[in-house]
>>> print(open('my_file-v8.txt').read())   # compact mmCIF, C-alpha atoms
# COMPACT_ATOMS: atom_id res chain seq x y z
CA MET N 1 36.88 -11.23 33.89
CA ALA N 2 34.58 -14.07 32.78
CA ALA N 3 31.54 -11.81 33.22
CA ALA N 4 33.13 -9.12 31.07
CA ILE N 5 33.87 -11.66 28.35
CA ALA N 6 30.31 -13.01 28.53
CA VAL N 7 28.92 -9.51 27.98
CA LEU N 8 31.08 -9.08 24.90
CA LEU N 9 29.80 -12.31 23.37
CA ILE N 10 26.13 -11.30 23.52
CA PRO N 11 24.96 -9.41 20.41
CA VAL N 12 23.71 -6.28 22.17
CA LEU N 13 23.71 -2.70 20.95
CA ILE N 14 23.24 -0.05 23.60
CA LEU N 15 22.94 3.64 22.81
CA THR N 16 23.01 6.05 25.74
CA ASN N 17 21.91 9.67 25.76
CA TYR N 18 20.03 8.94 22.55
CA THR N 19 17.93 11.68 20.99
CA TYR N 20 15.47 10.38 18.49
CA THR N 21 14.33 12.69 15.70
CA ARG N 22 12.13 11.51 12.86
CA GLN N 23 13.93 13.75 10.33
CA LEU N 24 17.05 11.56 10.42
CA LYS N 25 15.54 8.75 8.38
CA SER N 26 14.45 11.07 5.56
CA ASN N 27 18.09 11.68 4.53
CA ILE N 28 18.61 8.08 3.40
CA ASN N 29 19.03 7.52 -0.34
CA ALA N 30 18.31 3.79 -0.40
CA SER N 31 19.78 3.12 -3.86
CA GLU N 32 23.19 4.44 -2.73
CA VAL N 33 23.22 2.68 0.63
CA TYR N 34 21.60 -0.71 -0.01
CA LYS N 35 22.22 -3.31 -2.71
CA ILE N 36 19.52 -5.76 -3.78
CA ARG N 37 20.63 -9.17 -5.07
CA SER N 38 18.40 -11.88 -6.45
CA PHE N 39 20.86 -14.56 -5.34
CA HIS N 40 20.90 -14.56 -1.55
CA SER N 41 20.57 -16.69 1.57
CA LYS N 42 17.16 -18.27 2.18
CA ASP N 43 17.34 -16.92 5.75
CA CYS N 44 17.79 -13.34 4.55
CA ILE N 45 15.88 -10.79 2.48
CA GLY N 46 18.29 -10.18 -0.42
CA LYS N 47 19.16 -6.66 0.70
CA PHE N 48 22.79 -5.94 1.58
CA TYR N 49 24.17 -3.14 3.73
CA MET N 50 27.92 -2.56 3.88
CA GLY N 51 28.44 -6.02 2.35
CA ARG N 52 26.28 -7.77 4.95
CA GLU N 53 22.99 -9.39 4.04
CA ILE N 54 20.03 -8.41 6.20
CA ALA N 55 18.32 -11.33 7.94
CA LYS N 56 14.61 -12.04 7.97
CA VAL N 57 12.76 -10.91 11.08
CA MET N 58 12.26 -13.76 13.53
CA GLY N 59 8.53 -14.36 13.36
CA HIS N 60 6.26 -14.45 16.37
CA GLN N 61 6.06 -18.21 15.84
CA GLY N 62 9.54 -18.43 17.38
CA MET N 63 8.70 -16.47 20.52
CA LEU N 64 9.17 -19.43 22.87
CA TRP N 65 12.87 -19.42 21.99
CA LEU N 66 13.11 -15.94 23.53
CA GLU N 67 11.72 -17.26 26.83
CA ARG N 68 13.73 -20.49 26.99
CA PRO N 69 14.90 -21.48 30.50
CA SER N 70 18.51 -21.87 29.33
CA ARG N 71 18.78 -18.24 28.19
CA GLU N 72 20.32 -16.99 31.46
CA SER N 73 23.08 -19.60 31.36
CA GLN N 74 23.69 -19.21 27.61
CA GLU N 75 23.63 -15.41 27.24
CA PRO N 76 23.66 -14.07 30.87
CA PRO N 77 21.12 -11.26 30.35
CA SER N 78 21.37 -10.38 34.04
CA VAL N 79 25.03 -9.45 33.46
CA VAL N 80 24.00 -7.16 30.59
CA ILE N 81 21.29 -5.50 32.68
CA ASP N 82 23.67 -4.98 35.61
CA ALA N 83 26.23 -3.41 33.25
CA LEU N 84 23.68 -0.78 32.18
CA ASN N 85 23.93 0.91 35.61
CA LEU N 86 20.36 2.13 35.29
CA ARG N 87 18.98 4.91 37.48
CA ALA N 88 15.36 4.88 38.63
CA THR N 89 14.69 7.82 36.29
CA ASP N 90 16.19 6.34 33.09
CA THR N 91 13.61 5.88 30.36
CA VAL N 92 14.60 2.81 28.37
CA ALA N 93 13.50 1.89 24.84
CA ASP N 94 13.71 -1.85 24.19
CA ILE N 95 13.75 -1.93 20.38
CA GLY N 96 12.77 -5.31 18.95
CA ALA N 97 11.37 -6.24 22.35
CA GLY N 98 9.82 -9.51 21.18
CA THR N 99 8.08 -11.02 24.20
CA GLY N 100 9.42 -8.31 26.52
CA TYR N 101 12.10 -10.56 28.01
CA PHE N 102 14.42 -7.61 28.72
CA SER N 103 11.63 -5.05 29.25
CA PHE N 104 10.18 -6.96 32.19
CA ARG N 105 13.61 -7.44 33.77
CA ILE N 106 14.44 -3.75 33.41
CA ALA N 107 11.05 -2.40 34.57
CA PRO N 108 11.64 -2.90 38.33
CA LEU N 109 14.95 -1.02 38.04
CA VAL N 110 13.30 2.12 36.59
CA PRO N 111 10.13 2.45 38.70
CA GLU N 112 9.79 6.21 38.24
CA VAL N 113 9.51 6.04 34.42
CA LYS N 114 8.47 3.72 31.61
CA VAL N 115 10.20 1.03 29.63
CA LEU N 116 9.09 1.51 26.02
CA SER N 117 8.82 -1.92 24.40
CA VAL N 118 8.93 -1.51 20.63
CA ASP N 119 8.28 -4.24 18.10
CA ILE N 120 7.03 -4.33 14.50
CA GLN N 121 4.92 -7.45 14.99
CA PRO N 122 1.43 -6.92 16.45
CA GLU N 123 1.54 -10.47 17.86
CA MET N 124 4.61 -9.62 19.96
CA ILE N 125 2.94 -6.42 21.17
CA ASP N 126 -0.11 -8.50 22.18
CA VAL N 127 2.10 -10.84 24.22
CA ILE N 128 3.76 -7.94 26.05
CA ASP N 129 0.40 -6.28 26.70
CA PHE N 130 -0.98 -9.56 28.07
CA LEU N 131 2.05 -10.11 30.33
CA THR N 132 1.98 -6.49 31.51
CA GLU N 133 -1.62 -6.84 32.63
CA ASP N 134 -1.31 -10.41 33.91
CA ASN N 135 1.73 -9.55 36.06
CA ASN N 136 0.41 -6.13 37.11
CA VAL N 137 3.39 -4.26 35.69
CA ASN N 138 2.70 -0.52 35.59
CA ASN N 139 5.70 0.86 33.76
CA VAL N 140 6.00 -1.14 30.54
CA GLU N 141 4.38 0.55 27.55
CA THR N 142 4.19 -1.05 24.11
CA ILE N 143 4.75 0.73 20.82
CA LEU N 144 4.02 -0.85 17.46
CA GLY N 145 6.88 0.41 15.30
CA SER N 146 7.39 0.05 11.58
CA LEU N 147 10.31 -1.02 9.38
CA THR N 148 11.48 2.58 9.11
CA ASP N 149 10.25 4.21 12.32
CA PRO N 150 10.25 2.93 15.92
CA LYS N 151 7.61 5.60 16.68
CA LEU N 152 9.31 6.67 19.89
CA PRO N 153 8.29 9.94 21.53
CA GLU N 154 10.87 12.56 20.55
CA ASN N 155 13.55 13.59 23.06
CA SER N 156 12.35 11.15 25.70
CA ILE N 157 14.85 8.28 25.85
CA ASN N 158 17.85 7.86 28.15
CA LEU N 159 18.91 4.46 26.85
CA VAL N 160 18.12 2.31 23.82
CA LEU N 161 18.58 -1.45 24.08
CA MET N 162 18.67 -3.66 20.98
CA VAL N 163 19.29 -7.35 21.66
CA ASP N 164 19.63 -9.88 18.82
CA LEU N 165 18.11 -7.32 16.48
CA TYR N 166 20.62 -5.38 14.41
CA HIS N 167 21.06 -8.17 11.86
CA GLU N 168 17.29 -7.99 11.18
CA LEU N 169 17.04 -4.23 10.59
CA GLU N 170 15.86 -3.71 7.04
CA TYR N 171 17.11 -0.10 7.08
CA PRO N 172 20.07 -0.09 9.50
CA GLN N 173 21.40 3.31 8.48
>>> encode(input="my_file-v8.txt", output="structure tokens")
Amino acid sequence: MAAAIAVLLIPVLILTNYTYTRQLKSNINASEVYKIRSFHSKDCIGKFYMGREIAKVMGHQGMLWLERPSRESQEPPSVVIDALNLRATDTVADIGAGTGYFSFRIAPLVPEVKVLSVDIQPEMIDVIDFLTEDNNVNNVETILGSLTDPKLPENSINLVLMVDLYHELEYPQ
């Protein structure tokens, strides 16, 4: 029971059987969906979606926080990964991968396919590329996404993982 509660407390969004099509984002009429306010939190961007202000993206300068030793005891990522019930053939997209914390923990569980580590910051992509090579990991592939497009290959994903990210999406719809 405690493990189930712990999973619920971690801000994780998981989409299974996800089909990504680039045409979806073109239907967004930003002026109807998003509100811009000049008075807003200093930690946010001044854009509101469904009454919620969108946070600033955590910069690459904060990447050590993602790799902190206390993360397993604070957020039990291993419980989240176990709950995914991954098969060796599941292609996983780790959106907002940061340093690849989840990508590298998922990679051994899906040895027949790739983990697609997507981030919008080139510095984070560089870290993942370095760690992939340094640790001889063969199935983690980086993708430099943009604010409006994760640039995933179409019709290729079995599971999308977004950890501590949704509040930073500038265009969440």
>>> atom_distance(input="my_file-v8.txt", atom1="atom CA of Asn136 of chain N", atom2="atom CA of Asp94 of chain N")
19.0 Å
>>> closest_residue(input="my_file-v8.txt", among="N:Ile106, N:Val115, N:Ile36, N:Ile95", to="Asp82 of chain N", atoms="only C-alpha atoms")
N:Ile106
>>> atom_distance(input="my_file-v8.txt", atom1="atom CA of Ile125 of chain N", atom2="atom CA of Leu161 of chain N")
16.7 Å
>>> axis_aligned_box(input="my_file-v8.txt", around="segment 144-147 of chain N", padding_each_side="8 Å", output="JSON")
{"center_x": 7.2, "center_y": -0.3, "center_z": 13.4, "size_x": 22.3, "size_y": 17.4, "size_z": 24.1}
>>> residues_around(input="my_file-v8.txt", residues="Phe48 of chain N", least_positions_apart="2", cutoff="8 Å", atoms="all atoms listed in the file", output="PyMOL selection string")
chain N and resi 34-37+46+50-54
>>> atom_distance(input="my_file-v8.txt", atom1="atom CA of Val33 of chain N", atom2="atom CA of Leu116 of chain N")
29.1 Å
>>> closest_residue(input="my_file-v8.txt", among="N:Pro108, N:Gly96, N:Lys114, N:Phe39", to="Ile157 of chain N", atoms="only C-alpha atoms")
N:Lys114
>>> residues_around(input="my_file-v8.txt", residues="Thr142 of chain N", least_positions_apart="3", cutoff="8 Å", atoms="only C-alpha atoms", output="MDAnalysis selection string")
chainID N and resid 116:119 125 128:129
>>> closest_residue(input="my_file-v8.txt", among="N:Ala107, N:Ala88, N:Ala93, N:Ala83", to="Val137 of chain N", atoms="all atoms listed in the file")
N:Ala107
